[in-house]
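Colleague: my_file-v2.txt is reproduced below (compact mmCIF, C-alpha atoms).
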```
# COMPACT_ATOMS: atom_id res chain seq x y z
CA MET D 1 40.20 101.89 116.16
CA SER D 2 36.93 102.79 114.54
CA GLN D 3 34.27 100.50 113.14
CA ASP D 4 35.12 101.36 109.53
CA LYS D 5 38.28 99.27 109.77
CA ALA D 6 36.01 96.53 111.08
CA LYS D 7 36.98 93.71 108.78
CA THR D 8 40.70 93.65 109.57
CA PRO D 9 41.37 96.26 112.21
CA PHE D 10 44.76 94.68 112.92
CA ASP D 11 48.08 95.46 111.30
CA VAL D 12 50.98 93.16 110.54
CA TYR D 13 53.98 93.70 112.79
CA GLU D 14 57.45 92.24 112.23
CA VAL D 15 59.21 91.04 115.37
CA PHE D 16 62.95 91.24 116.05
CA SER D 17 64.71 90.01 119.15
CA GLN D 18 68.21 90.15 120.58
CA ARG D 19 69.50 87.07 122.36
CA SER D 20 72.33 88.71 124.31
CA SER D 21 73.82 92.19 124.36
CA THR D 22 76.61 91.10 121.99
CA SER D 23 74.31 89.42 119.45
CA PRO D 24 72.57 91.08 116.51
CA PHE D 25 68.81 91.58 116.36
CA ILE D 26 67.23 88.68 114.56
CA HIS D 27 63.95 88.67 112.70
CA GLN D 28 61.62 86.23 114.46
CA PHE D 29 58.39 86.30 112.50
CA SER D 30 55.32 88.48 112.06
CA LEU D 31 52.04 88.80 113.95
CA LEU D 32 48.75 90.68 113.79
CA ALA D 33 48.03 93.30 116.43
CA PRO D 34 45.92 96.42 116.85
CA ASN D 35 48.83 98.55 118.15
CA HIS D 36 52.49 98.51 119.20
CA GLU D 37 51.80 97.70 122.86
CA VAL D 38 49.72 94.64 122.08
CA ALA D 39 52.21 93.62 119.38
CA MET D 40 54.94 93.74 122.01
CA SER D 41 53.12 91.54 124.48
CA MET D 42 52.07 89.10 121.76
CA ALA D 43 55.67 88.93 120.55
CA ARG D 44 56.73 87.82 124.01
CA GLU D 45 53.99 85.19 124.15
CA ASN D 46 54.54 83.92 120.63
CA PHE D 47 58.30 83.91 120.23
CA LEU D 48 59.97 84.06 123.63
CA ARG D 49 58.43 81.17 125.54
CA ARG D 50 61.82 79.42 125.74
CA ASP D 51 64.55 81.50 124.13
CA ASN D 52 66.72 83.97 126.01
CA CYS D 53 66.17 87.58 125.11
CA VAL D 54 67.54 90.94 126.27
CA ASN D 55 65.66 93.26 123.93
CA LEU D 56 62.73 93.25 121.56
CA TRP D 57 61.55 95.34 118.58
CA VAL D 58 58.19 95.35 116.86
CA VAL D 59 57.91 97.22 113.56
CA LYS D 60 54.79 97.84 111.54
CA ARG D 61 55.31 95.99 108.27
CA ASP D 62 54.03 98.98 106.28
CA ASP D 63 56.94 100.98 107.70
CA VAL D 64 59.54 98.58 106.36
CA TYR D 65 60.85 99.64 102.97
CA VAL D 66 61.56 96.38 101.15
CA LEU D 67 63.80 95.82 98.15
CA PRO D 68 61.49 94.87 95.26
CA PRO D 69 61.72 91.18 94.24
CA GLU D 70 63.14 91.96 90.78
CA GLU D 71 66.02 93.93 92.31
CA ARG D 72 67.03 91.16 94.70
CA GLU D 73 68.85 89.32 91.93
CA SER D 74 71.27 92.21 91.78
CA LEU D 75 72.37 91.49 95.36
CA GLU D 76 74.21 88.41 94.23
CA ARG D 77 77.97 88.94 94.65
CA LEU D 78 80.34 88.61 91.73
CA ASP D 79 83.20 86.34 92.68
CA ASN D 80 85.89 88.99 92.23
CA LYS D 81 86.25 90.43 95.71
CA ALA D 82 89.29 88.44 96.88
CA TYR D 83 91.10 91.68 97.72
CA ARG D 84 88.46 92.35 100.39
CA GLU D 85 88.76 88.96 102.05
CA THR D 86 91.46 87.09 103.97
CA LYS D 87 91.37 84.26 101.42
CA GLY D 88 92.73 86.81 98.89
CA TYR D 89 95.99 86.94 100.90
CA GLY D 90 96.72 83.22 101.29
CA ASP D 91 100.29 83.46 99.97
CA LEU D 92 101.62 85.64 102.83
CA GLN D 93 102.43 82.88 105.32
CA SER D 94 104.55 80.82 102.91
CA LYS D 95 106.48 83.93 101.79
CA TRP D 96 107.29 84.86 105.40
CA ARG D 97 108.44 81.29 106.04
CA ALA D 98 110.73 81.28 102.97
CA HIS D 99 112.38 84.57 104.02
CA ARG D 100 112.95 83.29 107.57
CA GLU D 101 114.46 80.03 106.38
CA ARG D 102 116.83 81.77 103.95
CA TYR D 103 117.99 84.15 106.71
CA GLU D 104 118.38 81.44 109.34
CA ALA D 105 120.39 79.22 106.97
CA GLN D 106 123.02 82.02 106.82
CA HIS D 107 122.85 83.65 110.26
CA GLY D 108 120.95 81.37 112.61
CA PRO D 109 117.79 82.54 114.46
CA VAL D 110 117.49 86.21 115.37
CA LYS D 111 116.24 85.21 118.79
CA LYS D 112 116.85 81.81 120.39
CA GLU D 113 113.70 79.74 121.03
CA VAL D 114 113.13 79.41 124.78
CA MET I 1 39.57 85.63 87.70
CA SER I 2 42.44 84.03 85.88
CA GLN I 3 45.95 85.08 86.73
CA LEU I 4 46.52 86.41 83.19
CA VAL I 5 43.55 88.76 83.50
CA ARG I 6 44.35 89.76 87.08
CA GLU I 7 47.94 90.63 86.27
CA GLY I 8 47.33 91.82 82.69
CA LEU I 9 49.77 89.31 81.22
CA THR I 10 49.86 87.85 77.72
CA GLU I 11 50.20 84.09 77.36
CA ALA I 12 53.86 84.53 76.32
CA GLN I 13 54.63 86.81 79.28
CA TYR I 14 53.05 84.30 81.62
CA GLN I 15 55.11 81.44 80.16
CA ALA I 16 58.32 83.43 80.57
CA LYS I 17 57.51 84.18 84.20
CA TYR I 18 56.48 80.58 84.80
CA GLU I 19 59.77 79.24 83.45
CA GLU I 20 61.76 81.73 85.48
CA PHE I 21 59.82 80.57 88.55
CA LEU I 22 60.54 76.89 87.87
CA ALA I 23 64.24 77.61 87.27
CA LYS I 24 64.35 79.42 90.59
CA ILE I 25 62.93 76.56 92.63
CA ASP I 26 65.01 74.03 90.69
CA SER I 27 68.16 75.92 91.66
CA GLY I 28 67.12 75.56 95.32
CA ARG I 29 66.28 79.22 95.89
CA LYS I 30 63.23 80.05 98.02
CA ILE I 31 60.08 81.83 96.92
CA GLU I 32 59.02 84.73 99.16
CA ALA I 33 55.53 86.14 99.75
CA ASP I 34 56.10 89.10 97.42
CA ASP I 35 57.75 87.08 94.63
CA TRP I 36 55.80 86.23 91.50
CA MET I 37 54.27 82.74 91.64
CA PRO I 38 51.76 80.85 89.52
CA ASP I 39 48.26 80.59 90.99
CA ASP I 40 48.35 76.81 91.27
CA TYR I 41 51.50 77.05 93.43
CA ARG I 42 49.82 79.69 95.58
CA ASN I 43 46.63 77.61 95.81
CA GLN I 44 48.48 74.45 96.85
CA LEU I 45 50.30 76.42 99.54
CA ILE I 46 47.09 78.05 100.79
CA LYS I 47 45.37 74.67 101.01
CA LEU I 48 48.29 73.00 102.77
CA ILE I 49 49.22 75.80 105.17
CA SER I 50 45.71 76.89 106.15
CA MET I 51 44.86 73.23 106.81
CA HIS I 52 48.02 72.90 108.88
CA SER I 53 47.18 76.10 110.75
CA VAL I 54 43.61 75.21 111.71
CA SER I 55 44.69 71.67 112.59
CA GLU I 56 47.06 73.11 115.20
CA ILE I 57 44.18 75.12 116.64
CA MET I 58 41.64 72.29 116.39
CA GLY I 59 44.12 70.03 118.21
CA ALA I 60 44.86 72.52 120.96
CA LEU I 61 41.20 73.21 121.82
CA PRO I 62 40.29 69.69 123.03
CA GLU I 63 43.76 69.32 124.54
CA LYS I 64 43.23 72.28 126.85
CA GLU I 65 40.26 70.39 128.31
CA TRP I 66 42.84 68.04 129.86
CA VAL I 67 44.44 70.73 132.00
CA PRO I 68 42.08 70.41 135.01
CA LYS I 69 42.09 66.61 134.70
CA ALA I 70 45.85 66.04 134.29
CA PRO I 71 47.08 63.93 137.24
CA SER I 72 49.81 66.17 138.71
CA LEU I 73 50.89 69.79 138.79
CA ARG I 74 53.87 69.04 136.55
CA ARG I 75 51.62 67.34 133.99
CA LYS I 76 49.21 70.30 134.13
CA LEU I 77 52.04 72.75 133.47
CA ALA I 78 53.44 70.61 130.64
CA ILE I 79 50.12 70.19 128.88
CA MET I 80 49.33 73.90 129.28
CA ALA I 81 52.69 74.67 127.69
CA LYS I 82 51.88 72.31 124.84
CA VAL I 83 48.47 73.94 124.28
CA GLN I 84 50.11 77.36 124.21
CA ASP I 85 52.73 76.14 121.71
CA GLU I 86 50.08 74.63 119.43
CA MET I 87 48.07 77.87 119.45
CA GLY I 88 51.31 79.69 118.67
CA HIS I 89 51.91 77.35 115.72
CA GLY I 90 48.39 78.05 114.51
CA GLN I 91 49.18 81.79 114.66
CA LEU I 92 52.49 81.46 112.78
CA LEU I 93 50.94 79.39 110.02
CA MET I 94 47.87 81.61 109.82
CA ARG I 95 50.20 84.57 109.17
CA VAL I 96 51.89 82.65 106.36
CA ALA I 97 48.49 81.67 104.90
CA GLU I 98 46.98 85.16 105.11
CA ASP I 99 49.94 86.72 103.30
CA LEU I 100 49.18 84.24 100.50
CA VAL I 101 45.40 84.85 100.36
CA ALA I 102 45.91 88.64 100.45
CA GLU I 103 46.52 88.41 96.69
CA TYR I 104 42.88 87.35 96.35
CA GLY I 105 41.65 90.11 98.68
CA LYS I 106 41.04 87.66 101.52
CA SER I 107 42.07 87.60 105.17
CA ARG I 108 42.19 85.21 108.11
CA GLU I 109 38.50 85.83 108.79
CA ASP I 110 37.75 84.26 105.42
CA LEU I 111 39.94 81.26 106.21
CA LEU I 112 38.28 80.72 109.58
CA GLU I 113 34.87 81.14 107.97
CA ASP I 114 35.88 78.36 105.54
CA LEU I 115 36.52 76.13 108.57
CA PHE I 116 32.93 76.54 109.78
CA THR I 117 31.41 75.97 106.35
CA GLY I 118 33.54 72.85 105.90
CA ARG I 119 35.52 74.15 102.91
CA LEU I 120 38.68 74.17 105.00
CA LYS I 121 39.51 70.71 106.34
CA PHE I 122 41.49 69.84 109.44
CA HIS I 123 43.57 66.76 110.18
CA ASN I 124 41.68 63.47 110.56
CA VAL I 125 43.17 62.85 114.02
CA PHE I 126 41.37 65.85 115.51
CA HIS I 127 37.99 64.38 114.56
CA MET I 128 38.56 61.41 116.89
CA GLU I 129 37.61 60.65 120.47
CA ALA I 130 40.19 60.93 123.24
CA PRO I 131 38.37 59.48 126.26
CA SER I 132 41.23 58.71 128.67
CA TRP I 133 44.46 60.24 129.95
CA ALA I 134 46.28 57.52 128.01
CA ASP I 135 44.85 59.05 124.83
CA ALA I 136 46.46 62.37 125.78
CA GLY I 137 49.77 60.51 126.10
CA VAL I 138 49.38 58.59 122.85
CA ILE I 139 48.43 61.80 121.03
CA GLY I 140 51.62 63.49 122.22
CA TRP I 141 53.79 60.47 121.51
CA LEU I 142 52.40 59.22 118.19
CA VAL I 143 50.30 62.03 116.68
CA ASP I 144 52.94 64.66 117.40
CA GLY I 145 55.54 62.06 116.37
CA ALA I 146 53.78 61.64 113.03
CA ALA I 147 53.52 65.41 112.64
CA ILE I 148 57.25 65.77 113.24
CA ILE I 149 57.90 63.33 110.39
CA THR I 150 55.76 65.23 107.86
CA GLN I 151 57.00 68.63 109.04
CA THR I 152 60.65 67.61 108.96
CA MET I 153 60.16 66.58 105.36
CA SER I 154 58.77 70.03 104.61
CA LEU I 155 61.58 72.00 106.29
CA ASP I 156 63.27 72.39 102.92
CA THR I 157 60.06 73.45 101.15
CA SER I 158 60.49 75.92 98.28
CA TYR I 159 58.30 78.51 100.05
CA GLY I 160 60.55 80.53 102.37
CA PRO I 161 57.99 81.75 104.96
CA TYR I 162 56.60 78.22 105.43
CA SER I 163 60.10 76.82 105.85
CA ARG I 164 60.95 79.42 108.52
CA ALA I 165 57.69 78.73 110.38
CA LEU I 166 58.40 75.00 110.30
CA TYR I 167 61.87 75.38 111.82
CA ARG I 168 60.27 77.04 114.84
CA ILE I 169 57.46 74.52 114.99
CA CYS I 170 59.62 71.40 114.74
CA ALA I 171 61.82 72.53 117.61
CA GLU I 172 58.75 72.78 119.85
CA GLU I 173 57.08 69.61 118.58
CA LYS I 174 60.06 67.64 119.85
CA PHE I 175 59.14 68.76 123.35
CA HIS I 176 55.52 67.68 122.77
CA ALA I 177 56.60 64.23 121.66
CA GLN I 178 58.77 63.89 124.77
CA HIS I 179 55.90 65.08 126.93
CA GLY I 180 53.78 62.31 125.34
CA GLU I 181 56.53 59.71 125.76
CA SER I 182 56.81 60.61 129.41
CA ILE I 183 53.07 60.03 129.98
CA VAL I 184 53.13 56.79 127.96
CA LEU I 185 56.17 55.42 129.80
CA ALA I 186 54.62 56.23 133.20
CA LEU I 187 51.51 54.27 132.22
CA ALA I 188 53.52 51.41 130.67
CA GLU I 189 55.49 51.07 133.90
CA GLY I 190 52.37 51.40 136.04
CA THR I 191 49.60 49.10 137.27
CA GLU I 192 47.77 46.50 135.19
CA GLN I 193 44.90 48.94 134.86
CA GLN I 194 47.20 51.69 133.57
CA ARG I 195 48.79 49.31 131.06
CA GLN I 196 45.33 48.35 129.84
CA MET I 197 44.39 52.02 129.45
CA LEU I 198 47.49 52.50 127.33
CA GLN I 199 46.81 49.42 125.22
CA ASP I 200 43.24 50.58 124.60
CA ALA I 201 44.44 54.01 123.51
CA VAL I 202 47.04 52.56 121.09
CA THR I 203 44.42 50.20 119.63
CA ARG I 204 41.94 53.07 119.29
CA TRP I 205 44.44 55.40 117.60
CA TRP I 206 46.12 53.00 115.19
CA PRO I 207 43.80 53.44 112.15
CA ALA I 208 43.81 57.23 112.58
CA LEU I 209 47.63 57.24 112.72
CA LEU I 210 47.83 55.28 109.46
CA MET I 211 45.38 57.74 107.89
CA PHE I 212 47.36 60.73 109.15
CA PHE I 213 49.81 60.46 106.24
CA GLY I 214 47.07 60.22 103.61
CA PRO I 215 46.31 57.46 101.11
CA PRO I 216 49.18 55.63 99.38
CA GLU I 217 50.04 56.60 95.84
CA SER I 218 47.91 53.95 94.17
CA ALA I 219 44.75 55.71 95.32
CA THR I 220 44.23 57.86 92.26
CA THR I 221 42.30 60.69 93.87
CA ILE I 222 45.14 62.39 95.71
CA LYS I 223 47.92 61.39 93.35
CA SER I 224 47.95 64.51 91.20
CA ASN I 225 48.17 66.82 94.24
CA GLN I 226 51.18 64.97 95.57
CA GLU I 227 52.94 65.03 92.21
CA GLN I 228 52.34 68.71 91.73
CA ASN I 229 53.57 69.48 95.24
CA MET I 230 56.72 67.50 94.58
CA ARG I 231 57.29 69.27 91.24
CA TYR I 232 56.99 72.59 93.04
CA LYS I 233 59.23 71.32 95.83
CA ILE I 234 56.54 72.08 98.39
CA ARG I 235 57.13 68.55 99.62
CA SER I 236 59.84 65.98 98.90
CA GLN I 237 58.40 62.63 99.98
CA THR I 238 55.21 60.72 99.25
CA ASN I 239 52.55 59.76 101.79
CA GLU I 240 53.68 56.15 101.78
CA GLU I 241 57.37 57.04 102.26
CA LEU I 242 56.41 59.10 105.29
CA ARG I 243 54.24 56.32 106.71
CA GLN I 244 57.17 53.89 106.35
CA ILE I 245 59.43 56.28 108.28
CA PHE I 246 56.76 56.39 110.99
CA PHE I 247 56.70 52.56 111.19
CA ASP I 248 60.51 52.43 111.36
CA LYS I 249 60.53 54.77 114.28
CA TYR I 250 57.51 53.67 116.28
CA VAL I 251 56.48 50.05 115.62
CA PRO I 252 59.58 48.63 117.38
CA ARG I 253 58.98 50.91 120.38
CA ILE I 254 55.31 49.92 120.62
CA PHE I 255 56.38 46.25 120.75
CA HIS I 256 59.22 46.98 123.21
CA LEU I 257 56.60 48.23 125.68
CA GLY I 258 54.80 44.89 125.37
CA LEU I 259 51.89 46.54 123.55
CA THR I 260 50.10 45.05 120.56
CA LEU I 261 48.69 46.60 117.40
CA PRO I 262 45.23 45.88 116.01
CA ASP I 263 46.94 44.59 112.85
CA PRO I 264 48.28 41.02 113.25
CA THR I 265 49.90 41.16 109.80
CA ILE I 266 52.25 44.08 110.40
CA HIS I 267 55.91 43.14 109.96
CA TYR I 268 59.05 44.38 108.27
CA SER I 269 59.81 42.53 105.06
CA GLU I 270 63.58 42.28 104.57
CA GLU I 271 63.01 41.19 100.97
CA GLU I 272 60.90 44.16 100.00
CA GLY I 273 62.72 46.55 102.32
CA LYS I 274 59.48 47.92 103.74
CA TRP I 275 56.75 47.42 106.31
CA ILE I 276 53.81 45.25 105.30
CA TYR I 277 50.55 46.28 106.94
CA GLN I 278 46.78 46.36 106.61
CA GLN I 279 45.41 49.47 104.93
CA PRO I 280 42.88 51.42 106.98
CA ASP I 281 39.46 52.10 105.45
CA TRP I 282 40.17 55.01 103.10
CA GLU I 283 36.46 55.57 102.47
CA GLU I 284 36.12 56.12 106.21
CA PHE I 285 39.04 58.58 106.01
CA LYS I 286 37.25 60.65 103.36
CA LYS I 287 34.11 60.67 105.48
CA ILE I 288 36.03 61.77 108.58
CA VAL I 289 37.86 64.71 106.98
CA LYS I 290 34.60 65.88 105.41
CA GLY I 291 33.25 66.34 108.93
CA GLY I 292 31.71 62.89 109.48
CA GLY I 293 34.12 61.70 112.19
CA PRO I 294 33.03 60.67 115.70
CA ARG I 295 33.82 64.10 117.24
CA SER I 296 33.76 66.39 114.17
CA VAL I 297 30.68 68.33 115.20
CA GLN I 298 31.75 68.75 118.84
CA ARG I 299 35.22 69.95 117.83
CA LEU I 300 33.79 72.61 115.53
CA ASP I 301 31.39 73.62 118.31
CA LEU I 302 34.36 73.96 120.65
CA ARG I 303 36.04 76.23 118.10
CA ARG I 304 32.87 78.33 117.76
CA LEU I 305 32.48 78.53 121.51
CA SER I 306 36.08 79.60 122.07
CA TYR I 307 35.69 82.24 119.35
CA GLU I 308 32.49 83.60 120.91
CA ASP I 309 33.80 83.40 124.47
CA ALA I 310 36.83 85.45 123.47
CA VAL I 311 34.89 88.28 121.82
CA TRP I 312 35.50 90.50 124.86
CA VAL I 313 39.28 89.99 124.51
CA ARG I 314 39.27 91.10 120.89
CA ASP I 315 37.02 94.03 121.79
CA ALA I 316 39.31 95.02 124.64
CA LEU I 317 42.34 94.89 122.31
CA LEU I 318 40.59 97.23 119.94
CA GLY I 319 39.56 99.58 122.74
CA ASN I 320 35.89 99.14 121.91
CA LYS I 321 33.19 99.49 124.53
CA VAL I 322 31.64 96.18 125.50
CA ALA I 323 28.05 95.90 126.64
CA ILE I 324 28.05 93.82 129.81
```
For this file, produce the structure as structure tokens.
Modeller:
Amino acid sequence: MSQDKAKTPFDVYEVFSQRSSTSPFIHQFSLLAPNHEVAMSMARENFLRRDNCVNLWVVKRDDVYVLPPEERESLERLDNKAYRETKGYGDLQSKWRAHRERYEAQHGPVKKEV
Amino acid sequence: MSQLVREGLTEAQYQAKYEEFLAKIDSGRKIEADDWMPDDYRNQLIKLISMHSVSEIMGALPEKEWVPKAPSLRRKLAIMAKVQDEMGHGQLLMRVAEDLVAEYGKSREDLLEDLFTGRLKFHNVFHMEAPSWADAGVIGWLVDGAAIITQTMSLDTSYGPYSRALYRICAEEKFHAQHGESIVLALAEGTEQQRQMLQDAVTRWWPALLMFFGPPESATTIKSNQEQNMRYKIRSQTNEELRQIFFDKYVPRIFHLGLTLPDPTIHYSEEEGKWIYQQPDWEEFKKIVKGGGPRSVQRLDLRRLSYEDAVWVRDALLGNKVAI
């Protein structure tokens, strides 16, 4: 807090808040503050005037390691991950139905509907 | 310093980056603060967002003067909440602007200094007089209403941080407009004197509200800015389109309250599919935003005073010793 930082003695802090104990932390925005304590109280004033909140984080922006812009393109998913998603298994229901109908045509239902 | 020199780029390298940038915004992806961007995109954003930021602050300062004079405890609380929101909006937007000017080695101090020297303009409406409580109502109803229209248009702006700030801001502006409507409706349903106060405020504010959206496209001076901002997807509608949306929303309501406008010609033309109205004096507009409005000097003084009065707060935050 010395005079040599006089021009901009404040740091940028990123603010994250959690709406309820089952929700994820969400990035709110950033603010300028001289330290974590002030950042915390400013975060409450700036971002939580109306919204519900159960917990709050402030992080110095310099401490956030950010993916460089040129590498962000590589985050884009290739559309070949069906085996990881439920939509990759869309044929299961109709197969189960076909097996049931073939069985019931011969033997009747395994268990009578109540 | 040109961008080529600053970044050590050849003309061909710059062109390649520029085309990649255009392709990115054309595909609807957002530009972030640390992405490469051409200087003229950055400069347009800085101009727009710093102007938006200081306008929020310049609007909140005279508005806080209403707190002791507001007619009931509920109105005092509501207008205090509005002032706090507007200051918050100024803070959000100032953060967005200072991340942009950082590239040029500047900070928010430089932006605020530009306000005092007149390089940084603020919205025409905050240069105007607001003598009665009805003005406070009309400002909330129609000035915030106009601001919601321009800000809603910008929600989908190509610059990610500005878009995210605007989503927060628009949600709160809706409360401000309702706060204004509530004051206006109370006056409209009140005594003859209250109705007259309201009529006077609407009459007083009408030219400034028309000016709020900026000159129509035929005025050549601002045309190029608008076109560039639309090419860069910073904005998606022209000044005149926005003004027409404002008429659609508010002119009927003004008439429904039995109020009149100081423009006997205003009407909706079915044939042309638009509102016909008298242009305000655009020369006057230029004079006002350059600091020649009726309250320009006092508003800047108020800003200076609030900055000086709050020195002890900033000192306390920094843990410095203050001489008392």
Colleague: In Å, with one decimal, what is the gap from atom CA of Asn225 of chain I to atom CA of Gln44 of chain I?
Modeller: 8.1 Å
Colleague: Enumerate, in order of chain and increasing residue number, the residues of chain I with an atom no farther than 9 Å from chain D, each with its shortest atom pair and distance in Å to one decimal, counting all atoms listed in the file, as a Markdown table.
Modeller:
```
| residue | atom | partner | partner_atom | distance |
| --- | --- | --- | --- | --- |
| I:Glu32 | CA | D:Pro69 | CA | 8.5 |
| I:Asp34 | CA | D:Pro69 | CA | 6.8 |
| I:Asp35 | CA | D:Pro69 | CA | 5.7 |
| I:Trp36 | CA | D:Pro69 | CA | 8.2 |
| I:Ala81 | CA | D:Arg49 | CA | 8.9 |
| I:Gln84 | CA | D:Asn46 | CA | 8.7 |
| I:Asp85 | CA | D:Asn46 | CA | 8.1 |
| I:Met87 | CA | D:Asn46 | CA | 8.9 |
| I:Gly88 | CA | D:Asn46 | CA | 5.7 |
| I:His89 | CA | D:Asn46 | CA | 8.6 |
| I:Gln91 | CA | D:Leu31 | CA | 7.6 |
| I:Leu92 | CA | D:Leu31 | CA | 7.4 |
| I:Arg95 | CA | D:Leu31 | CA | 6.6 |
| I:Val96 | CA | D:Ser30 | CA | 8.8 |
| I:Ser107 | CA | D:Thr8 | CA | 7.6 |
| I:Arg108 | CA | D:Thr8 | CA | 8.7 |
| I:Glu109 | CA | D:Lys7 | CA | 8.0 |
| I:Pro161 | CA | D:Phe29 | CA | 8.8 |
| I:Arg164 | CA | D:Phe29 | CA | 8.4 |
| I:Ala165 | CA | D:Phe29 | CA | 7.9 |
| I:Arg168 | CA | D:Phe47 | CA | 9.0 |
| I:Leu317 | CA | D:Pro34 | CA | 6.7 |
| I:Leu318 | CA | D:Met1 | CA | 6.0 |
| I:Gly319 | CA | D:Met1 | CA | 7.0 |
| I:Asn320 | CA | D:Met1 | CA | 7.7 |
```
Colleague: Rounded to one decimal in Å, what is the spacing between atom CA of Leu257 of chain I and atom CA of Met197 of chain I?
Modeller: 13.3 Å
Colleague: Fewer than 5 positions away in the same chain doesn't count, so skip those; otherwise give me all residues within 10 Å of Arg100 of chain D, counting only C-alpha atoms, as a PDB file with C-alpha atoms, in the coordinates of the input.
Modeller:
```pdb
ATOM      1  CA  SER D  94     104.550  80.820 102.910  1.00  0.00           C
ATOM      2  CA  LYS D  95     106.480  83.930 101.790  1.00  0.00           C
ATOM      3  CA  ALA D 105     120.390  79.220 106.970  1.00  0.00           C
ATOM      4  CA  GLY D 108     120.950  81.370 112.610  1.00  0.00           C
ATOM      5  CA  PRO D 109     117.790  82.540 114.460  1.00  0.00           C
ATOM      6  CA  VAL D 110     117.490  86.210 115.370  1.00  0.00           C
TER       7      VAL D 110
END
```
Colleague: Using all atoms listed in the file, which of the listed residues (I:Ala136, I:Ala316, I:Ala208, I:Ala310) sits closest to Ile288 of chain I?
Modeller: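 That would be I:Ala208, the residue with the smallest distance to Ile288 of chain I.
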Colleague: Please report as JSON lines every residue of segment 242-270 of chain I lying within 12 Å of segment 185-194 of chain I, along with the nearest atom pair and their distance in Å (one decimal), using all atoms listed in the file.
Modeller:
```
{"residue": "I:Arg253", "atom": "CA", "partner": "I:Leu185", "partner_atom": "CA", "distance": 10.8}
{"residue": "I:Ile254", "atom": "CA", "partner": "I:Ala188", "partner_atom": "CA", "distance": 10.3}
{"residue": "I:Phe255", "atom": "CA", "partner": "I:Ala188", "partner_atom": "CA", "distance": 11.5}
{"residue": "I:His256", "atom": "CA", "partner": "I:Ala188", "partner_atom": "CA", "distance": 10.4}
{"residue": "I:Leu257", "atom": "CA", "partner": "I:Ala188", "partner_atom": "CA", "distance": 6.7}
{"residue": "I:Gly258", "atom": "CA", "partner": "I:Ala188", "partner_atom": "CA", "distance": 8.5}
{"residue": "I:Leu259", "atom": "CA", "partner": "I:Ala188", "partner_atom": "CA", "distance": 8.8}
```
Colleague: So how many Å separate atom CA of Glu113 of chain I and atom CA of Met94 of chain I, to one decimal?
Modeller: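 Going from atom CA of Glu113 of chain I over to atom CA of Met94 of chain I, I get 13.1 Å.
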Colleague: Of the residues I:Glu103, I:Arg29, I:Met37, I:Asp263, which is the one nearest to Ala16 of chain I, using all atoms listed in the file?
Modeller: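 Smallest separation from Ala16 of chain I among the options: I:Met37.
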Colleague: Just want the 8 Å neighbourhood of Val202 of chain I, counted on all atoms listed in the file, with same-chain residues fewer than 4 positions away dropped. Output as a list in words.
Modeller: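 So the residues in contact are Asp135, Val138, Leu198, Trp206 and Leu261 of chain I.
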Colleague: Extract segment 44-62 of chain I from the preceding block and save C-alpha atoms as a PDB file, in the first residue's frame.
Modeller:
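What landed in selection.pdb:
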```
ATOM      1  CA  GLN I  44     -15.096   2.462 -30.989  1.00  0.00           C
ATOM      2  CA  LEU I  45     -15.678   0.267 -27.945  1.00  0.00           C
ATOM      3  CA  ILE I  46     -13.669   2.561 -25.667  1.00  0.00           C
ATOM      4  CA  LYS I  47     -15.604   5.597 -26.873  1.00  0.00           C
ATOM      5  CA  LEU I  48     -18.986   3.903 -26.517  1.00  0.00           C
ATOM      6  CA  ILE I  49     -18.414   2.110 -23.216  1.00  0.00           C
ATOM      7  CA  SER I  50     -16.556   4.881 -21.386  1.00  0.00           C
ATOM      8  CA  MET I  51     -19.293   7.306 -22.467  1.00  0.00           C
ATOM      9  CA  HIS I  52     -21.910   4.850 -21.236  1.00  0.00           C
ATOM     10  CA  SER I  53     -20.016   4.408 -17.967  1.00  0.00           C
ATOM     11  CA  VAL I  54     -19.623   8.092 -17.095  1.00  0.00           C
ATOM     12  CA  SER I  55     -23.207   8.760 -18.174  1.00  0.00           C
ATOM     13  CA  GLU I  56     -24.400   6.299 -15.522  1.00  0.00           C
ATOM     14  CA  ILE I  57     -22.329   8.156 -12.935  1.00  0.00           C
ATOM     15  CA  MET I  58     -23.273  11.632 -14.183  1.00  0.00           C
ATOM     16  CA  GLY I  59     -26.941  10.602 -14.007  1.00  0.00           C
ATOM     17  CA  ALA I  60     -26.690   9.150 -10.522  1.00  0.00           C
ATOM     18  CA  LEU I  61     -25.014  12.216  -8.974  1.00  0.00           C
ATOM     19  CA  PRO I  62     -27.889  14.691  -9.502  1.00  0.00           C
TER      20      PRO I  62
END
```
